[in-house]
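Written below as structure tokens is the structure these notes are about.
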Amino acid sequence: MTRIARYYREYGVRLVRGYMQYVWDDGGRRYLDCNTNHGVAFLGHSNPYIVEAVKKQVEEVWAVPLNFATPARERFVEAFSRLLPAKFGVVFLQNTGTEAVETAVKIAKKITRRHTIVAFTNSFHGRTMGSLSITWNEAYRKAFEPLYPHVRFGKFNVVSEVEKVVGEDTCCVVVEPIQGEGGVNPATPDFLKALRDEASRKGALLIFDEVQTGFGRTGAVWAFQKYGVEPDLFTAGKALGGGLPIGVVVAREDYGDVFEPGEHGSTFAGNAVVMAAAAAASELLLRDDVPSKAESAGRDLAKALSEHGSRLGLRVKGMGLMLGLELRVKADQFIQPLMARGVLALTAGMNVLRFLPPYMIAKEDVELVRSAVSDVLKNAGH
Ligand SMILES: *Cc1c(COP(=O)(O)O)cnc(C)c1O
């Protein structure tokens with residue numbers, strides 16, 4: 001029988017059901033999901049509000065190319081607009097985060113007619129060739145070189161080097177407001193401000209990659225709103241589809257006609273079922289005040305993560321419900337022990353345990369994380 005190609009570590013657990021912040025395996029065991037498929041299930045698994053919208057859409061129409069109007073897309077645009085600061089009047093529809101990043105870079109290349117992309121140490125922007133070119137981690141890139149050659153990496157959070165790394169050749173500066181895969185590293189406000197100023201001065205576009213930080217997780221709808229620094233373009237994905245695959249680029253209204261018909265496209269982009277899910281997710285975000293719930297649950301979880309009482313733990317990093325516990329040792333050894341205690345988590349970088357739970361995580365869930373984390377660190381025998 002055909003098998004699935006093996007490029008993920010296998011945990012030996014078979015998940016058969018999900019509801020809100022929990023998933024269940026085929027033996028009926030429940031787990032608190034702080035992995036959420038890298039943040040995708042931020043609004044919960046099978047959130048009833050999203051389920052209802054998807055069910056209804058499945059009965060109506062699924063596949064409608066962007067040449068045609070369709071109600072699910074109209075509902076999405078209307079709901080999503082309410083989540084955007086005034087200056088952002090246009091959205092490009094794609095299917096994944098990496099595709100959104102590549103689309104943002106294409107927009108910047110076309111507008112500026114330049115070709116150098118500036119990115120930063122410990123960045124993660126995706127796995128397809130263009131996004132991979134601006135992803136820092138050697139282990140992800142090495143085997144696939146040569147990649148897009150015109151890339152300069154600056155040092156993340158080093159303000160004094162910003163002037164040097166952004167040049168007259170730069171089409172865009174791409175940065176995560178909080179680095180996710182790279183270690184849950186928040187940018188400093190001064191760094192993002194320096195990038196904003198320097199990009200404007202040199203005529204480059206500033207692109208924030210909000211695929212992981214966006215859609216309420218950090219305590220604001222968009223992480224850049226916490227910083228008070230606005231990009232020219234930003235990307236979103238992961239949580240935005242309420243569980244279904246999506247990626248978008250959000251831009252100033254006048255960038256909406258940058259591509260000639262035929263110059264850009266994607267078969268599945270704007271799929272009606274995905275649009276119905278993303279519309280419901282966007283409505284829910286406002287209706288349930290998701291960002292402020294993420295903010296307050298995030299405060300509780302950060303406190304719980306800091307109370308491990310082990311010398312293996314260094315510090316808690318992140319914002320809202322995008323949190324990392326930095327360790328003195330490699331983090332991946334703790335994923336399965338946490339699972340055995342009913343908590344699914346992720347790593348970030350080498351030494352960070354990462355927690356991306358759904359926004360409805362309750363006090364008893366936070367308590368479970370506290371005891372599971374302190375347990376596994378103690379049992380590590382250091
Ligand atoms: C996950 C991620 C991506 C890639 O998204 P995919 O949907 O996996 O292609 C890009 N940028 C950031 C910041 C991410 O966290």
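In the structure tokens, the first chain shown is A, the next is B, and so on; residue numbers restart at 1 for each chain, and ligands run from 1 in the order shown.
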
Worksheet item: What lies within 6 Å of A:Trp136 using only C-alpha atoms, ignoring chain neighbours under 4 positions off, as a PyMOL selection string?
Response: chain A and resi 121-123

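Neighbours of A:Val174 closer than or equal to 7 Å, with only C-alpha atoms counted and sequence neighbours fewer than 6 positions away skipped, come out as Val118, Ala119, Leu206, Ile207, Phe208 and Asp209 of chain A.
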
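If you measure from each of A:Leu286, A:Ala348, A:Val373, A:Ala194 to A:Gly313 using only C-alpha atoms, the closest one turns out to be A:Val373.
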
Mind running chain A against ligand 1 at 10 Å and telling me each contacting residue's nearest atom pair with the distance in Å (one decimal), counting only C-alpha atoms and all ligand atoms, chain and number ascending, as CSV?
```
residue,atom,partner,partner_atom_place_in_ligand_line,distance
A:Asn37,CA,ligand 1,1 (C),9.6
A:His38,CA,ligand 1,1 (C),6.9
A:Gly39,CA,ligand 1,1 (C),8.4
A:Val40,CA,ligand 1,7 (O),9.1
A:Gln94,CA,ligand 1,7 (O),9.9
A:Asn95,CA,ligand 1,7 (O),7.5
A:Thr96,CA,ligand 1,7 (O),3.9
A:Gly97,CA,ligand 1,5 (O),3.3
A:Thr98,CA,ligand 1,9 (O),3.6
A:Glu99,CA,ligand 1,9 (O),6.3
A:Ala100,CA,ligand 1,9 (O),7.9
A:Val101,CA,ligand 1,10 (C),6.7
A:Glu102,CA,ligand 1,10 (C),9.6
A:Ser123,CA,ligand 1,13 (C),7.7
A:Phe124,CA,ligand 1,13 (C),5.5
A:His125,CA,ligand 1,11 (N),3.7
A:Gly126,CA,ligand 1,4 (C),4.0
A:Arg127,CA,ligand 1,9 (O),6.6
A:Thr128,CA,ligand 1,9 (O),7.8
A:Ser131,CA,ligand 1,10 (C),7.7
A:Leu132,CA,ligand 1,10 (C),9.5
A:Thr135,CA,ligand 1,11 (N),8.9
A:Val175,CA,ligand 1,13 (C),8.3
A:Glu176,CA,ligand 1,13 (C),5.8
A:Pro177,CA,ligand 1,13 (C),8.8
A:Ile178,CA,ligand 1,13 (C),8.2
A:Gln179,CA,ligand 1,13 (C),6.7
A:Gly180,CA,ligand 1,15 (O),5.5
A:Glu181,CA,ligand 1,15 (O),6.3
A:Gly182,CA,ligand 1,15 (O),9.1
A:Phe208,CA,ligand 1,13 (C),8.8
A:Asp209,CA,ligand 1,13 (C),5.3
A:Glu210,CA,ligand 1,13 (C),5.9
A:Val211,CA,ligand 1,12 (C),4.7
A:Gln212,CA,ligand 1,15 (O),4.3
A:Thr213,CA,ligand 1,13 (C),7.2
A:Gly214,CA,ligand 1,13 (C),9.2
A:Thr235,CA,ligand 1,11 (N),8.1
A:Ala236,CA,ligand 1,11 (N),8.3
A:Gly237,CA,ligand 1,7 (O),6.3
A:Lys238,CA,ligand 1,7 (O),6.0
A:Ala239,CA,ligand 1,7 (O),9.8
A:Pro245,CA,ligand 1,7 (O),7.2
A:Ile246,CA,ligand 1,7 (O),7.2
A:Gly247,CA,ligand 1,7 (O),6.7
```

Next, write the just-selected residues to a file, as a tab-separated table (two decimals), in the first residue's frame, keeping N, CA and C atoms as the atom set.
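See selection_34.tsv below for the written result:
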```tsv
chain	number	residue	atom	x	y	z
A	37	ASN	N	-1.94	22.38	15.30
A	37	ASN	CA	-1.46	22.39	13.92
A	37	ASN	C	-0.73	23.71	13.63
A	38	HIS	N	0.26	23.99	14.44
A	38	HIS	CA	1.06	25.22	14.34
A	38	HIS	C	0.21	26.49	14.43
A	39	GLY	N	-0.82	26.43	15.24
A	39	GLY	CA	-1.60	27.65	15.46
A	39	GLY	C	-2.88	27.73	14.65
A	40	VAL	N	-3.11	26.76	13.78
A	40	VAL	CA	-4.28	26.81	12.89
A	40	VAL	C	-5.59	26.82	13.68
A	94	GLN	N	-4.98	33.63	-1.29
A	94	GLN	CA	-4.11	32.50	-1.62
A	94	GLN	C	-4.50	31.33	-0.71
A	95	ASN	N	-3.69	30.27	-0.74
A	95	ASN	CA	-4.07	29.05	-0.02
A	95	ASN	C	-3.22	28.71	1.19
A	96	THR	N	-2.02	29.27	1.26
A	96	THR	CA	-1.11	28.92	2.35
A	96	THR	C	-0.29	30.16	2.72
A	97	GLY	N	0.40	30.04	3.84
A	97	GLY	CA	1.26	31.13	4.28
A	97	GLY	C	2.41	31.39	3.32
A	98	THR	N	3.05	30.33	2.89
A	98	THR	CA	4.21	30.51	2.01
A	98	THR	C	3.80	31.18	0.70
A	99	GLU	N	2.62	30.82	0.22
A	99	GLU	CA	2.14	31.42	-1.02
A	99	GLU	C	1.83	32.91	-0.82
A	100	ALA	N	1.32	33.24	0.37
A	100	ALA	CA	1.05	34.64	0.67
A	100	ALA	C	2.36	35.44	0.71
A	101	VAL	N	3.39	34.86	1.34
A	101	VAL	CA	4.69	35.55	1.41
A	101	VAL	C	5.23	35.78	0.00
A	102	GLU	N	5.15	34.76	-0.83
A	102	GLU	CA	5.68	34.91	-2.19
A	102	GLU	C	4.88	35.94	-2.99
A	123	SER	N	14.62	34.02	10.93
A	123	SER	CA	13.31	34.18	10.29
A	123	SER	C	12.74	32.85	9.83
A	124	PHE	N	11.43	32.78	9.72
A	124	PHE	CA	10.77	31.67	9.02
A	124	PHE	C	9.64	32.24	8.17
A	125	HIS	N	9.69	31.98	6.86
A	125	HIS	CA	8.64	32.51	5.99
A	125	HIS	C	8.02	31.46	5.09
A	126	GLY	N	8.45	30.19	5.21
A	126	GLY	CA	7.82	29.15	4.43
A	126	GLY	C	8.82	28.27	3.71
A	127	ARG	N	8.30	27.27	2.99
A	127	ARG	CA	9.12	26.18	2.46
A	127	ARG	C	9.23	26.14	0.94
A	128	THR	N	8.43	26.93	0.23
A	128	THR	CA	8.58	26.92	-1.23
A	128	THR	C	9.76	27.83	-1.58
A	131	SER	N	9.97	31.73	-0.58
A	131	SER	CA	9.91	31.94	0.86
A	131	SER	C	11.09	31.29	1.56
A	132	LEU	N	11.52	30.15	1.04
A	132	LEU	CA	12.67	29.45	1.61
A	132	LEU	C	13.94	30.30	1.50
A	135	THR	N	14.11	32.42	4.45
A	135	THR	CA	14.06	31.70	5.72
A	135	THR	C	15.49	31.43	6.17
A	175	VAL	N	9.62	40.81	7.63
A	175	VAL	CA	9.93	40.49	9.03
A	175	VAL	C	8.67	40.00	9.76
A	176	GLU	N	8.87	39.07	10.68
A	176	GLU	CA	7.80	38.64	11.58
A	176	GLU	C	7.82	39.55	12.81
A	177	PRO	N	6.70	40.15	13.18
A	177	PRO	CA	6.70	40.99	14.40
A	177	PRO	C	7.12	40.18	15.64
A	178	ILE	N	6.72	38.92	15.69
A	178	ILE	CA	7.26	37.99	16.68
A	178	ILE	C	7.67	36.75	15.91
A	179	GLN	N	8.96	36.41	15.95
A	179	GLN	CA	9.41	35.23	15.22
A	179	GLN	C	8.81	33.98	15.86
A	180	GLY	N	8.18	33.14	15.04
A	180	GLY	CA	7.53	31.94	15.56
A	180	GLY	C	8.47	30.75	15.58
A	181	GLU	N	8.69	30.14	14.41
A	181	GLU	CA	9.55	28.95	14.31
A	181	GLU	C	10.95	29.23	14.85
A	182	GLY	N	11.42	30.46	14.69
A	182	GLY	CA	12.79	30.81	15.06
A	182	GLY	C	13.03	30.90	16.56
A	208	PHE	N	5.13	42.82	6.81
A	208	PHE	CA	5.10	42.06	8.06
A	208	PHE	C	4.48	40.70	7.75
A	209	ASP	N	5.19	39.64	8.14
A	209	ASP	CA	4.66	38.29	7.98
A	209	ASP	C	3.91	37.94	9.27
A	210	GLU	N	2.58	38.06	9.19
A	210	GLU	CA	1.72	37.81	10.35
A	210	GLU	C	1.01	36.46	10.23
A	211	VAL	N	1.60	35.54	9.49
A	211	VAL	CA	0.97	34.23	9.30
A	211	VAL	C	0.76	33.53	10.65
A	212	GLN	N	1.72	33.67	11.55
A	212	GLN	CA	1.57	33.04	12.88
A	212	GLN	C	1.06	34.02	13.93
A	213	THR	N	1.52	35.27	13.87
A	213	THR	CA	1.16	36.25	14.91
A	213	THR	C	-0.24	36.82	14.71
A	214	GLY	N	-0.74	36.78	13.49
A	214	GLY	CA	-1.97	37.49	13.16
A	214	GLY	C	-3.24	36.82	13.63
A	235	THR	N	1.00	39.70	5.59
A	235	THR	CA	0.46	38.39	5.26
A	235	THR	C	-0.30	37.83	6.45
A	236	ALA	N	-1.26	36.96	6.18
A	236	ALA	CA	-1.96	36.23	7.25
A	236	ALA	C	-2.24	34.83	6.72
A	237	GLY	N	-2.50	33.91	7.62
A	237	GLY	CA	-2.77	32.53	7.22
A	237	GLY	C	-3.18	31.76	8.45
A	238	LYS	N	-2.64	30.56	8.60
A	238	LYS	CA	-2.87	29.70	9.76
A	238	LYS	C	-4.28	29.85	10.37
A	239	ALA	N	-4.45	30.60	11.45
A	239	ALA	CA	-5.74	30.65	12.16
A	239	ALA	C	-6.88	31.24	11.34
A	245	PRO	N	-7.28	25.52	4.86
A	245	PRO	CA	-6.06	26.17	4.35
A	245	PRO	C	-6.32	27.52	3.69
A	246	ILE	N	-5.58	28.51	4.14
A	246	ILE	CA	-5.71	29.86	3.56
A	246	ILE	C	-4.41	30.62	3.76
A	247	GLY	N	-4.18	31.58	2.90
A	247	GLY	CA	-3.12	32.56	3.07
A	247	GLY	C	-3.59	33.80	2.36
```

Discussion item. From the options A:Ala278, A:Cys172, A:Ala187, A:Leu285, which residue's atoms come nearest to A:Phe234, counting only C-alpha atoms?
Written reply: A:Cys172

Item to complete: Check the DSSP output for the backbone and give back, as a PyMOL selection string, the residues of stretch 136-215 of chain A in alpha helix (DSSP H).
Response: chain A and resi 138-141+162-165+189-202

Selection export as a tab-separated table (two decimals), in the first residue's frame, atoms kept: N, CA and C atoms:
```tsv
chain	number	residue	atom	x	y	z
A	138	GLU	N	19.54	27.09	8.15
A	138	GLU	CA	20.35	26.33	7.18
A	138	GLU	C	19.79	24.93	6.91
A	139	ALA	N	19.30	24.29	7.98
A	139	ALA	CA	18.82	22.91	7.85
A	139	ALA	C	17.62	22.83	6.90
A	140	TYR	N	16.88	23.92	6.79
A	140	TYR	CA	15.73	23.93	5.88
A	140	TYR	C	16.15	24.24	4.45
A	141	ARG	N	17.31	24.93	4.29
A	141	ARG	CA	17.65	25.52	3.00
A	141	ARG	C	18.72	24.75	2.22
A	162	VAL	N	20.29	48.50	10.74
A	162	VAL	CA	19.16	48.62	9.81
A	162	VAL	C	19.50	49.52	8.63
A	163	GLU	N	20.17	50.62	8.91
A	163	GLU	CA	20.50	51.57	7.86
A	163	GLU	C	21.39	50.93	6.79
A	164	LYS	N	22.28	50.04	7.23
A	164	LYS	CA	23.21	49.39	6.33
A	164	LYS	C	22.54	48.29	5.49
A	165	VAL	N	21.64	47.54	6.12
A	165	VAL	CA	21.10	46.36	5.43
A	165	VAL	C	20.00	46.71	4.41
A	189	PRO	N	10.12	47.27	19.78
A	189	PRO	CA	9.44	48.38	19.10
A	189	PRO	C	10.42	49.26	18.32
A	190	ASP	N	11.59	49.50	18.88
A	190	ASP	CA	12.59	50.34	18.19
A	190	ASP	C	13.03	49.71	16.87
A	191	PHE	N	13.14	48.40	16.85
A	191	PHE	CA	13.58	47.70	15.64
A	191	PHE	C	12.53	47.87	14.53
A	192	LEU	N	11.26	47.61	14.86
A	192	LEU	CA	10.21	47.75	13.83
A	192	LEU	C	10.09	49.20	13.36
A	193	LYS	N	10.24	50.14	14.29
A	193	LYS	CA	10.19	51.56	13.90
A	193	LYS	C	11.35	51.90	12.97
A	194	ALA	N	12.53	51.39	13.28
A	194	ALA	CA	13.70	51.65	12.44
A	194	ALA	C	13.50	51.05	11.04
A	195	LEU	N	12.90	49.86	10.97
A	195	LEU	CA	12.63	49.25	9.66
A	195	LEU	C	11.63	50.09	8.88
A	196	ARG	N	10.60	50.57	9.59
A	196	ARG	CA	9.59	51.41	8.94
A	196	ARG	C	10.24	52.66	8.34
A	197	ASP	N	11.06	53.34	9.15
A	197	ASP	CA	11.69	54.58	8.71
A	197	ASP	C	12.64	54.33	7.55
A	198	GLU	N	13.44	53.29	7.68
A	198	GLU	CA	14.47	53.05	6.67
A	198	GLU	C	13.85	52.57	5.36
A	199	ALA	N	12.83	51.73	5.45
A	199	ALA	CA	12.15	51.28	4.23
A	199	ALA	C	11.55	52.48	3.50
A	200	SER	N	10.90	53.37	4.23
A	200	SER	CA	10.31	54.55	3.61
A	200	SER	C	11.39	55.43	2.98
A	201	ARG	N	12.46	55.62	3.71
A	201	ARG	CA	13.56	56.47	3.22
A	201	ARG	C	14.17	55.90	1.94
A	202	LYS	N	14.31	54.57	1.86
A	202	LYS	CA	14.98	53.97	0.69
A	202	LYS	C	13.99	53.57	-0.41
```

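One distance worth recording is that between atom CA of A:Asp375 and atom CA of A:His308, which is 7.9 Å.
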
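Comparing A:Gly28, A:Phe68, A:Gly298, A:Phe120 by their smallest distance to A:Glu161, the closest is A:Phe120 (using only C-alpha atoms).
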
Item to complete: Taking the chain letters and numbering used in this document, name the residues of stretch 30-272 of chain A that DSSP puts in strand (DSSP E or B), as a ChimeraX atom specification.
Response: /A:30-33,45,88-94,116-120,151-154,170-175,178-179,185-186,205-209,233-236,242,244,247-252

Keeping C-alpha atoms, export the residues of the selection given above as a PDB file, in the first residue's frame.
```pdb
ATOM      1  CA  ARG A  30      -8.078  13.636  25.757  1.00  0.00           C
ATOM      2  CA  TYR A  31      -5.282  16.150  25.134  1.00  0.00           C
ATOM      3  CA  LEU A  32      -5.157  19.887  25.681  1.00  0.00           C
ATOM      4  CA  ASP A  33      -4.052  21.152  22.284  1.00  0.00           C
ATOM      5  CA  HIS A  45     -11.385  22.546  16.813  1.00  0.00           C
ATOM      6  CA  PHE A  88      -5.580  48.481   4.154  1.00  0.00           C
ATOM      7  CA  GLY A  89      -8.180  48.360   1.414  1.00  0.00           C
ATOM      8  CA  VAL A  90      -7.291  45.267  -0.586  1.00  0.00           C
ATOM      9  CA  VAL A  91      -6.780  41.562   0.027  1.00  0.00           C
ATOM     10  CA  PHE A  92      -5.046  38.999  -2.238  1.00  0.00           C
ATOM     11  CA  LEU A  93      -6.459  35.493  -1.744  1.00  0.00           C
ATOM     12  CA  GLN A  94      -4.113  32.502  -1.615  1.00  0.00           C
ATOM     13  CA  THR A 116      16.858  42.539  -3.350  1.00  0.00           C
ATOM     14  CA  ILE A 117      14.859  41.197  -0.424  1.00  0.00           C
ATOM     15  CA  VAL A 118      15.948  41.972   3.124  1.00  0.00           C
ATOM     16  CA  ALA A 119      15.134  39.384   5.812  1.00  0.00           C
ATOM     17  CA  PHE A 120      16.550  38.581   9.252  1.00  0.00           C
ATOM     18  CA  VAL A 151      18.647  38.222  -0.400  1.00  0.00           C
ATOM     19  CA  ARG A 152      20.398  40.074   2.428  1.00  0.00           C
ATOM     20  CA  PHE A 153      19.951  38.895   5.993  1.00  0.00           C
ATOM     21  CA  GLY A 154      20.215  41.529   8.700  1.00  0.00           C
ATOM     22  CA  THR A 170      15.859  46.766  -1.797  1.00  0.00           C
ATOM     23  CA  CYS A 171      12.359  45.914  -3.050  1.00  0.00           C
ATOM     24  CA  CYS A 172      11.102  44.845   0.362  1.00  0.00           C
ATOM     25  CA  VAL A 173      11.960  44.189   3.969  1.00  0.00           C
ATOM     26  CA  VAL A 174      10.218  41.074   5.285  1.00  0.00           C
ATOM     27  CA  VAL A 175       9.926  40.493   9.033  1.00  0.00           C
ATOM     28  CA  ILE A 178       7.259  37.991  16.680  1.00  0.00           C
ATOM     29  CA  GLN A 179       9.411  35.226  15.217  1.00  0.00           C
ATOM     30  CA  ASN A 185      11.278  36.145  19.642  1.00  0.00           C
ATOM     31  CA  PRO A 186       9.323  39.417  19.800  1.00  0.00           C
ATOM     32  CA  LEU A 205       8.135  48.177   0.934  1.00  0.00           C
ATOM     33  CA  LEU A 206       7.827  46.942   4.502  1.00  0.00           C
ATOM     34  CA  ILE A 207       6.150  43.519   4.724  1.00  0.00           C
ATOM     35  CA  PHE A 208       5.101  42.058   8.056  1.00  0.00           C
ATOM     36  CA  ASP A 209       4.656  38.292   7.984  1.00  0.00           C
ATOM     37  CA  LEU A 233       1.757  44.909   3.119  1.00  0.00           C
ATOM     38  CA  PHE A 234       1.180  42.080   5.513  1.00  0.00           C
ATOM     39  CA  THR A 235       0.455  38.388   5.260  1.00  0.00           C
ATOM     40  CA  ALA A 236      -1.959  36.227   7.245  1.00  0.00           C
ATOM     41  CA  GLY A 242     -10.761  28.538  11.083  1.00  0.00           C
ATOM     42  CA  LEU A 244      -9.063  25.200   6.527  1.00  0.00           C
ATOM     43  CA  GLY A 247      -3.119  32.558   3.067  1.00  0.00           C
ATOM     44  CA  VAL A 248      -3.716  36.211   2.253  1.00  0.00           C
ATOM     45  CA  VAL A 249      -1.798  39.377   1.543  1.00  0.00           C
ATOM     46  CA  VAL A 250      -3.338  42.574   2.824  1.00  0.00           C
ATOM     47  CA  ALA A 251      -2.286  45.833   1.194  1.00  0.00           C
ATOM     48  CA  ARG A 252      -3.053  49.462   0.571  1.00  0.00           C
TER      49      ARG A 252
END
```

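Here atom CA of A:Lys87 and atom CA of A:Arg73 stand 20.8 Å from one another.
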
Practice prompt. Please provide as a list of chain:residue names all residues within 12 Å of A:Asp288, with the sequence filter that same-chain residues fewer than 3 positions apart are discarded (counting only C-alpha atoms).
Written response: A:Leu43, A:Tyr49, A:Gly216, A:Ala280, A:Ala281, A:Ser282, A:Glu283, A:Leu284, A:Leu285, A:Pro291, A:Ser292, A:Lys293, A:Ala294, A:Tyr359, A:Met360

How would the residues just picked look written out with C-alpha atoms as an mmCIF file, in the first residue's frame?
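Output contents, as saved in out-v6.cif:
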```
data_model
loop_
_atom_site.group_PDB
_atom_site.id
_atom_site.type_symbol
_atom_site.label_atom_id
_atom_site.label_comp_id
_atom_site.auth_asym_id
_atom_site.auth_seq_id
_atom_site.Cartn_x
_atom_site.Cartn_y
_atom_site.Cartn_z
ATOM 1 C CA LEU A 43 -10.533 29.424 17.302
ATOM 2 C CA TYR A 49 -20.031 28.715 14.604
ATOM 3 C CA GLY A 216 -5.869 37.730 17.450
ATOM 4 C CA ALA A 280 -17.211 32.809 10.049
ATOM 5 C CA ALA A 281 -13.797 32.909 11.747
ATOM 6 C CA SER A 282 -13.540 36.664 11.108
ATOM 7 C CA GLU A 283 -17.047 37.267 12.452
ATOM 8 C CA LEU A 284 -16.325 35.170 15.520
ATOM 9 C CA LEU A 285 -13.106 37.049 16.217
ATOM 10 C CA PRO A 291 -7.955 39.249 21.041
ATOM 11 C CA SER A 292 -8.745 40.410 24.564
ATOM 12 C CA LYS A 293 -9.459 36.832 25.669
ATOM 13 C CA ALA A 294 -6.101 35.795 24.200
ATOM 14 C CA TYR A 359 -8.219 31.284 22.722
ATOM 15 C CA MET A 360 -10.872 29.582 24.924
#
```

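Closest to A:Ile335 among A:Tyr19, A:Phe259, A:Tyr11, A:Tyr148 is A:Tyr11, based on only C-alpha atoms.
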
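Shortest atom-to-atom contact with A:Ser266 among A:Val159, A:Asn35, A:Arg3, A:Pro65: A:Pro65, counting only C-alpha atoms.
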
Item to complete: Do a neighbour search on A:Gln333 at 10 Å with only C-alpha atoms, toss out local chain neighbours closer than 2 positions, and write the hits as a PyMOL selection string.
Response: chain A and resi 329-331+335-338+347+353+376+380

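Remark: for A:Gly18, the closest of the candidate residues A:Leu325, A:Ala5, A:Ala53, A:Asn47 is A:Asn47 (distances computed over only C-alpha atoms).
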
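You will find atom CA of A:Gly27 at 24.1 Å from atom CA of A:Pro48.
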